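The file my_file29.txt comes next; it holds compact mmCIF, C-alpha atoms.
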```txt
# COMPACT_ATOMS: atom_id res chain seq x y z
CA MET A 1 0.00 0.00 0.00
CA SER A 2 1.33 3.40 -0.86
CA THR A 3 1.46 6.35 1.52
CA ASP A 4 2.28 9.99 1.07
CA SER A 5 6.02 10.31 1.61
CA THR A 6 5.49 13.45 3.69
CA ALA A 7 2.56 12.14 5.70
CA PHE A 8 4.52 11.28 8.81
CA GLU A 9 7.39 13.80 8.77
CA ALA A 10 7.50 15.72 12.05
CA ASP A 11 8.56 19.34 12.42
CA ALA A 12 9.80 19.94 15.95
CA GLY A 13 8.78 23.57 15.69
CA GLN A 14 5.09 22.80 15.30
CA PRO A 15 2.66 22.45 18.22
CA ILE A 16 1.88 18.85 19.10
CA SER A 17 -1.63 19.10 17.65
CA ARG A 18 -0.08 19.55 14.21
CA LEU A 19 2.62 16.89 14.44
CA PRO A 20 1.93 13.69 12.49
CA ALA A 21 2.17 10.31 14.17
CA SER A 22 5.29 8.17 13.98
CA ARG A 23 5.99 6.87 10.47
CA LEU A 24 7.09 3.52 11.92
CA THR A 25 4.02 3.12 14.10
CA ALA A 26 1.60 4.07 11.35
CA SER A 27 3.26 1.81 8.79
CA HIS A 28 2.76 -1.26 10.98
CA ILE A 29 -0.80 -0.61 12.15
CA ARG A 30 -3.83 -1.49 10.04
CA VAL A 31 -7.47 -0.69 10.74
CA VAL A 32 -9.67 -3.62 9.69
CA LEU A 33 -13.39 -3.10 9.05
CA VAL A 34 -15.36 -6.36 9.05
CA GLY A 35 -18.67 -6.75 7.23
CA THR A 36 -19.33 -3.01 6.91
CA GLN A 37 -22.99 -2.55 6.06
CA HIS A 38 -23.09 1.04 4.76
CA PRO A 39 -20.47 2.17 2.21
CA GLY A 40 -20.51 5.68 3.65
CA ASN A 41 -19.12 4.39 6.93
CA ILE A 42 -16.03 3.11 5.11
CA GLY A 43 -15.30 6.63 3.92
CA ALA A 44 -16.02 8.17 7.31
CA ALA A 45 -13.67 5.69 8.97
CA ALA A 46 -10.96 6.49 6.42
CA ARG A 47 -11.35 10.19 7.20
CA ALA A 48 -11.08 9.49 10.94
CA MET A 49 -7.89 7.54 10.34
CA LYS A 50 -6.24 10.08 8.07
CA THR A 51 -6.81 12.96 10.48
CA MET A 52 -4.73 11.00 13.01
CA GLY A 53 -1.92 10.02 10.63
CA LEU A 54 -3.01 6.44 9.89
CA SER A 55 -3.21 5.19 6.33
CA ARG A 56 -3.64 1.39 6.28
CA LEU A 57 -7.31 0.56 5.85
CA VAL A 58 -8.35 -3.07 5.26
CA LEU A 59 -11.84 -4.31 4.38
CA VAL A 60 -13.25 -7.75 5.15
CA ALA A 61 -16.35 -8.88 3.25
CA PRO A 62 -18.15 -5.51 3.12
CA GLU A 63 -21.85 -5.90 2.31
CA LYS A 64 -21.48 -3.27 -0.43
CA ALA A 65 -18.39 -2.14 -2.28
CA PRO A 66 -17.15 1.44 -1.81
CA ASP A 67 -19.23 3.86 -3.90
CA ARG A 68 -20.04 7.58 -4.23
CA ASP A 69 -21.21 7.75 -0.63
CA THR A 70 -17.89 6.30 0.47
CA MET A 71 -15.86 8.93 -1.33
CA ALA A 72 -18.17 11.74 -0.21
CA MET A 73 -17.79 10.72 3.43
CA ALA A 74 -14.04 10.24 3.03
CA ALA A 75 -13.74 13.99 2.40
CA GLY A 76 -10.21 13.85 1.05
CA ALA A 77 -9.23 10.45 2.47
CA ASP A 78 -10.33 8.63 -0.68
CA ASP A 79 -6.72 7.53 -1.25
CA LEU A 80 -7.02 5.27 1.80
CA VAL A 81 -10.20 3.73 0.40
CA GLU A 82 -8.71 3.20 -3.05
CA ALA A 83 -5.63 1.49 -1.57
CA ALA A 84 -7.59 -0.71 0.86
CA PRO A 85 -7.31 -4.44 0.12
CA VAL A 86 -10.46 -6.54 0.46
CA PHE A 87 -10.38 -10.00 2.07
CA ALA A 88 -13.04 -12.68 2.32
CA THR A 89 -12.32 -13.49 5.97
CA LEU A 90 -10.82 -11.82 9.02
CA ALA A 91 -8.30 -14.66 9.37
CA GLU A 92 -6.89 -13.80 5.94
CA ALA A 93 -6.79 -10.07 6.71
CA VAL A 94 -4.68 -10.50 9.86
CA ALA A 95 -2.68 -13.61 8.94
CA ASP A 96 0.69 -11.83 9.19
CA CYS A 97 -0.12 -9.90 12.38
CA ARG A 98 1.41 -10.59 15.78
CA LEU A 99 -1.11 -8.46 17.69
CA VAL A 100 -4.82 -8.33 16.86
CA LEU A 101 -7.11 -6.13 18.97
CA GLY A 102 -10.88 -6.42 18.53
CA CYS A 103 -13.11 -3.45 19.34
CA THR A 104 -16.27 -4.74 20.98
CA ALA A 105 -18.84 -4.30 23.74
CA ARG A 106 -17.76 -5.65 27.12
CA SER A 107 -20.28 -8.47 27.57
CA ARG A 108 -19.33 -11.36 25.30
CA ARG A 109 -19.14 -15.12 25.68
CA ILE A 110 -15.59 -15.10 24.36
CA GLN A 111 -13.46 -14.24 27.37
CA LEU A 112 -10.65 -11.97 26.24
CA GLU A 113 -8.44 -9.59 28.13
CA GLN A 114 -10.31 -6.28 28.24
CA LEU A 115 -8.40 -3.10 27.42
CA LEU A 116 -9.43 0.52 27.53
CA PRO A 117 -8.59 2.50 24.36
CA ARG A 118 -5.56 4.15 25.97
CA GLU A 119 -4.16 0.82 27.16
CA ALA A 120 -4.79 -0.77 23.77
CA ALA A 121 -3.11 2.10 21.94
CA MET A 122 -0.02 1.93 24.13
CA ARG A 123 0.28 -1.81 23.60
CA ALA A 124 -0.23 -1.38 19.85
CA VAL A 125 2.44 1.33 19.59
CA VAL A 126 4.99 -0.81 21.45
CA ALA A 127 4.22 -3.84 19.27
CA ALA A 128 4.22 -1.79 16.05
CA ALA A 129 7.86 -0.89 16.61
CA SER A 130 8.77 -4.36 15.38
CA THR A 131 5.74 -6.18 14.00
CA GLU A 132 2.33 -5.96 12.34
CA VAL A 133 -0.67 -4.87 14.40
CA ALA A 134 -4.38 -4.95 13.52
CA LEU A 135 -7.20 -2.99 15.12
CA VAL A 136 -10.45 -4.71 14.16
CA PHE A 137 -13.95 -3.18 14.05
CA GLY A 138 -17.15 -5.14 13.41
CA ARG A 139 -20.49 -4.51 11.78
CA GLU A 140 -22.48 -1.41 12.55
CA ARG A 141 -25.44 -3.26 14.08
CA THR A 142 -23.95 -6.43 15.53
CA GLY A 143 -20.20 -5.87 15.84
CA LEU A 144 -17.80 -8.79 15.66
CA ASP A 145 -19.25 -12.27 16.06
CA ASN A 146 -17.79 -14.79 18.52
CA ASN A 147 -15.77 -16.61 15.87
CA GLU A 148 -14.16 -13.34 14.81
CA LEU A 149 -13.48 -12.30 18.41
CA GLN A 150 -11.80 -15.64 18.93
CA LEU A 151 -9.22 -14.57 16.35
CA CYS A 152 -8.29 -11.53 18.48
CA HIS A 153 -5.66 -11.44 21.21
CA ALA A 154 -7.49 -8.87 23.35
CA ALA A 155 -10.70 -6.84 23.29
CA VAL A 156 -10.92 -3.05 23.33
CA HIS A 157 -13.90 -1.49 25.06
CA ILE A 158 -14.79 2.19 24.70
CA PRO A 159 -16.45 3.15 28.03
CA SER A 160 -19.42 5.06 26.65
CA ASP A 161 -22.40 6.10 28.75
CA PRO A 162 -24.34 2.87 29.54
CA GLU A 163 -27.62 4.75 29.14
CA PHE A 164 -26.72 5.56 25.52
CA SER A 165 -23.86 3.30 24.55
CA SER A 166 -24.44 3.15 20.80
CA LEU A 167 -21.33 4.43 19.04
CA ASN A 168 -21.08 5.08 15.31
CA LEU A 169 -18.43 3.00 13.54
CA ALA A 170 -16.45 6.03 12.36
CA ALA A 171 -16.65 7.55 15.84
CA ALA A 172 -15.17 4.38 17.33
CA VAL A 173 -12.39 4.44 14.73
CA GLN A 174 -11.77 8.09 15.58
CA VAL A 175 -11.42 7.36 19.31
CA LEU A 176 -8.90 4.59 18.76
CA SER A 177 -7.02 6.51 16.07
CA TYR A 178 -6.69 9.48 18.42
CA GLU A 179 -5.38 7.27 21.23
CA LEU A 180 -2.84 5.71 18.85
CA ARG A 181 -1.67 9.17 17.85
CA MET A 182 -1.28 10.32 21.42
CA ALA A 183 0.46 7.09 22.42
CA SER A 184 2.98 7.60 19.63
CA PHE A 185 3.76 11.06 21.06
CA ASP A 186 3.82 10.10 24.73
CA GLY A 187 5.76 6.88 24.38
CA PRO A 188 5.01 3.79 26.48
CA THR A 189 4.20 3.92 30.16
CA ALA A 190 6.96 2.88 32.55
CA GLU A 191 5.50 -0.62 32.93
CA VAL A 192 5.04 -1.22 29.20
CA ALA A 193 8.42 0.33 28.41
CA MET A 194 10.12 -1.97 30.90
CA GLN A 195 8.47 -4.99 29.30
CA ALA A 196 9.41 -3.76 25.84
CA THR A 197 13.08 -3.36 26.78
CA MET A 198 13.44 -6.78 28.43
CA PRO A 199 15.63 -9.34 26.59
CA THR A 200 13.73 -10.50 23.55
CA ASN A 201 13.31 -13.99 22.18
CA PRO A 202 15.70 -14.42 19.23
CA ASN A 203 13.00 -16.28 17.30
CA PRO A 204 10.25 -14.31 15.57
CA PRO A 205 6.88 -14.34 17.32
CA ALA A 206 4.26 -16.63 15.84
CA SER A 207 2.09 -14.98 13.22
CA HIS A 208 -1.68 -15.08 13.38
CA ALA A 209 -1.73 -17.67 10.58
CA GLU A 210 0.76 -19.88 12.44
CA LEU A 211 -1.33 -19.72 15.62
CA GLU A 212 -4.54 -20.53 13.78
CA GLY A 213 -2.85 -23.47 12.04
CA PHE A 214 -1.74 -24.75 15.44
CA PHE A 215 -5.21 -24.31 16.96
CA GLY A 216 -6.78 -26.17 14.05
CA GLN A 217 -4.37 -29.11 14.47
CA LEU A 218 -4.86 -29.05 18.25
CA ALA A 219 -8.62 -29.39 17.81
CA GLU A 220 -8.11 -32.33 15.43
CA ALA A 221 -5.68 -34.04 17.81
CA LEU A 222 -8.02 -33.67 20.77
CA ASP A 223 -10.82 -35.22 18.71
CA ALA A 224 -8.51 -38.09 17.65
CA ILE A 225 -7.79 -39.05 21.27
CA ASP A 226 -11.41 -38.42 22.36
CA PHE A 227 -10.27 -35.80 24.82
CA HIS A 228 -13.72 -34.23 25.09
CA LYS A 229 -15.45 -37.57 25.81
CA GLY A 230 -18.74 -36.52 24.31
CA ARG A 231 -18.71 -33.00 25.75
CA ALA A 232 -18.93 -29.95 23.48
CA PRO A 233 -15.35 -28.96 22.53
CA GLU A 234 -15.97 -25.20 22.29
CA SER A 235 -15.40 -24.38 25.96
CA ALA A 236 -12.13 -26.30 26.21
CA MET A 237 -10.83 -24.80 22.99
CA ARG A 238 -11.62 -21.26 24.16
CA LYS A 239 -9.65 -21.86 27.35
CA LEU A 240 -6.75 -23.45 25.46
CA ARG A 241 -6.68 -20.53 23.03
CA ARG A 242 -6.40 -18.06 25.90
CA LEU A 243 -3.65 -20.13 27.51
CA TYR A 244 -1.49 -20.33 24.39
CA VAL A 245 -2.09 -16.71 23.32
CA ARG A 246 -1.11 -15.56 26.80
CA GLY A 247 2.09 -17.59 26.51
CA GLY A 248 3.31 -15.51 23.56
CA LEU A 249 4.57 -18.44 21.49
CA ASP A 250 7.22 -17.88 18.85
CA SER A 251 7.46 -19.59 15.47
CA ALA A 252 9.94 -22.23 16.67
CA GLU A 253 7.71 -23.14 19.62
CA ILE A 254 4.72 -23.49 17.32
CA ARG A 255 6.69 -25.89 15.13
CA LEU A 256 7.69 -27.94 18.19
CA LEU A 257 4.11 -28.15 19.46
CA ARG A 258 2.80 -29.10 16.04
CA GLY A 259 5.39 -31.88 15.92
CA VAL A 260 4.05 -33.20 19.23
CA LEU A 261 0.51 -33.03 17.88
CA ALA A 262 1.52 -34.82 14.67
CA ASP A 263 2.93 -37.72 16.71
CA THR A 264 -0.21 -37.71 18.86
CA GLN A 265 -2.36 -38.00 15.76
CA ARG A 266 -0.12 -40.72 14.32
CA MET A 267 -0.37 -42.82 17.49
CA ALA A 268 -4.15 -42.36 17.54
CA ARG A 269 -4.34 -43.63 13.95
CA LEU A 270 -2.17 -46.64 14.80
CA ALA A 271 -4.38 -47.46 17.79
CA GLN A 272 -7.50 -47.26 15.67
CA ALA A 273 -5.94 -49.41 12.93
CA ALA A 274 -5.07 -52.04 15.56
CA GLY A 275 -8.70 -52.13 16.62
CA GLY A 276 -8.21 -50.18 19.81
CA GLU A 277 -10.24 -47.24 21.00
CA PRO A 278 -9.08 -44.31 23.15
CA GLU A 279 -10.01 -44.84 26.80
CA ARG A 280 -13.09 -43.03 27.90
```
Structure translated into structure tokens:
Amino acid sequence: MSTDSTAFEADAGQPISRLPASRLTASHIRVVLVGTQHPGNIGAAARAMKTMGLSRLVLVAPEKAPDRDTMAMAAGADDLVEAAPVFATLAEAVADCRLVLGCTARSRRIQLEQLLPREAAMRAVVAAASTEVALVFGRERTGLDNNELQLCHAAVHIPSDPEFSSLNLAAAVQVLSYELRMASFDGPTAEVAMQATMPTNPNPPASHAELEGFFGQLAEALDAIDFHKGRAPESAMRKLRRLYVRGGLDSAEIRLLRGVLADTQRMARLAQAAGGEPER
């Protein structure tokens, strides 16, 4: 995706309100809109992003393609819309990301770590110094569904007034974009900065696609050994997802775990071929 070469150049003589966000931070952060129902909201979200120095817009299965309403609402941010790739699924849109934050209401069956916008922005800025980050927004009426939230590493909740909590999609994008901009100016908090400067793992962190491949194989292996014993597997898989995501696995660790699972599956096949059944 192309960006204006001057979009993120800072002039130390300007007041902070006129300074653009960090080029590095902005280049590694994408805003992902899932299942957008009104084309105008795509343009309004693009405008909200551009005012805060962000340029990477990604669309996932929009109900309608960008149109005149989109460009009218973009109000000069139509370059973001024109450059936005379109994916069929959220998993494809964030496959290369190491941090995926889903913007959602607080009460959900999928139990994710809950972050306020400021906390989420600080974490995103720290991560974006070295890897790809996605900030994901759902449909105007229903938000992200549980399967989509399950693909996120943490949830972001905007604490609106509970008596009137409905927030327009573009307004939500504006809030998070603003917090990202301010976080890029302020730098990480002492706690986050300390974590960011700790010795790092020499192996690259697992990508979203690597994690999802592992989770898919894990589910198959648990079925092969009858781990669930007739119980619905969803609850156990949600807990296992949280456990492994919290562990911050790297690519080498994913390969090791998948090797263990491959041998588990092989032994299960051998047992079945010999006429045996997993103990219940």
Contacts of region 243-253 of chain A within 12 Å, only C-alpha atoms, excl. fewer than 5 positions in-chain, as a ChimeraX atom specification: /A:98-100,111-113,150-154,200-215,218,236-238,258-260
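Our summary of the geometry notes that CA of Gly143 (chain A) is positioned 10.7 Å from CA of Gln37 (chain A).
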What gap, in Å, lies between CA of Gly43 (chain A) and CA of Glu140 (chain A)?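 Rounded to one decimal, the two atoms are 13.8 Å apart.
Going from CA of Val34 (chain A) over to CA of Leu144 (chain A), you cover 7.5 Å.
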Please provide the set of residues having any atom within 10 Å of Pro62 (chain A), restricted to only C-alpha atoms, with same-chain residues fewer than 3 positions apart removed, written as a short mmCIF file (atom, residue, chain, number, x, y, z; two decimals) with C-alpha atoms, in the coordinates of the input.
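Final output, saved to result31.cif:
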```cif
data_model
loop_
_atom_site.label_atom_id
_atom_site.label_comp_id
_atom_site.auth_asym_id
_atom_site.auth_seq_id
_atom_site.Cartn_x
_atom_site.Cartn_y
_atom_site.Cartn_z
CA LEU A 33 -13.39 -3.10 9.05
CA VAL A 34 -15.36 -6.36 9.05
CA GLY A 35 -18.67 -6.75 7.23
CA THR A 36 -19.33 -3.01 6.91
CA GLN A 37 -22.99 -2.55 6.06
CA HIS A 38 -23.09 1.04 4.76
CA PRO A 39 -20.47 2.17 2.21
CA ILE A 42 -16.03 3.11 5.11
CA LEU A 59 -11.84 -4.31 4.38
CA ALA A 65 -18.39 -2.14 -2.28
CA PRO A 66 -17.15 1.44 -1.81
CA VAL A 86 -10.46 -6.54 0.46
CA PHE A 87 -10.38 -10.00 2.07
CA ALA A 88 -13.04 -12.68 2.32
CA ARG A 139 -20.49 -4.51 11.78
#
```
Looking at A:Asp96, A:Gly138, A:Cys103, A:Gly53, which one is nearest to Ala120 (chain A), with distances taken over all atoms listed in the file? A:Cys103
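Take the candidates A:Ile29, A:Ala44, A:Ala84, A:Ala155 and check each one against Asn168 (chain A) using all atoms listed in the file; the shortest distance goes to A:Ala44.
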Selected residue of minimal separation from Leu167 (chain A) among A:Arg141, A:Ser184, A:Met49, A:Thr25, counting only C-alpha atoms: A:Arg141
For Met73 (chain A), work out the shell of residues within 9 Å, counting all atoms listed in the file and skipping chain neighbours fewer than 5 positions away, then give it as a count of residues only. 10
Just the residues within 7 Å of Met52 (chain A), please, counting all atoms listed in the file, with nothing from its chain fewer than 6 positions along; format it as an MDAnalysis selection string. chainID A and resid 177:178 181
Within-6 Å shell of (-11.1, 2.1, 29.7) in input frame, all atoms listed in the file, as a ChimeraX atom specification: /A:116-117,159
Residue nearest Ala74 (chain A) among A:Gly216, A:Ser165, A:Ala170, A:Asn146 (counting all atoms listed in the file): A:Ala170
When you count all atoms listed in the file, which of these residues is closest to Arg123 (chain A): A:Ala48, A:Ala26, A:Leu180, A:Met267?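 Comparing A:Ala48, A:Ala26, A:Leu180, A:Met267 against Arg123 (chain A), the winner is A:Leu180.
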A:Ala77, A:Ala224, A:Ala232, A:Leu54 ranked by distance to Leu261 (chain A), top pick (using only C-alpha atoms):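 Between A:Ala77, A:Ala224, A:Ala232, A:Leu54, the residue approaching Leu261 (chain A) most closely is A:Ala224.
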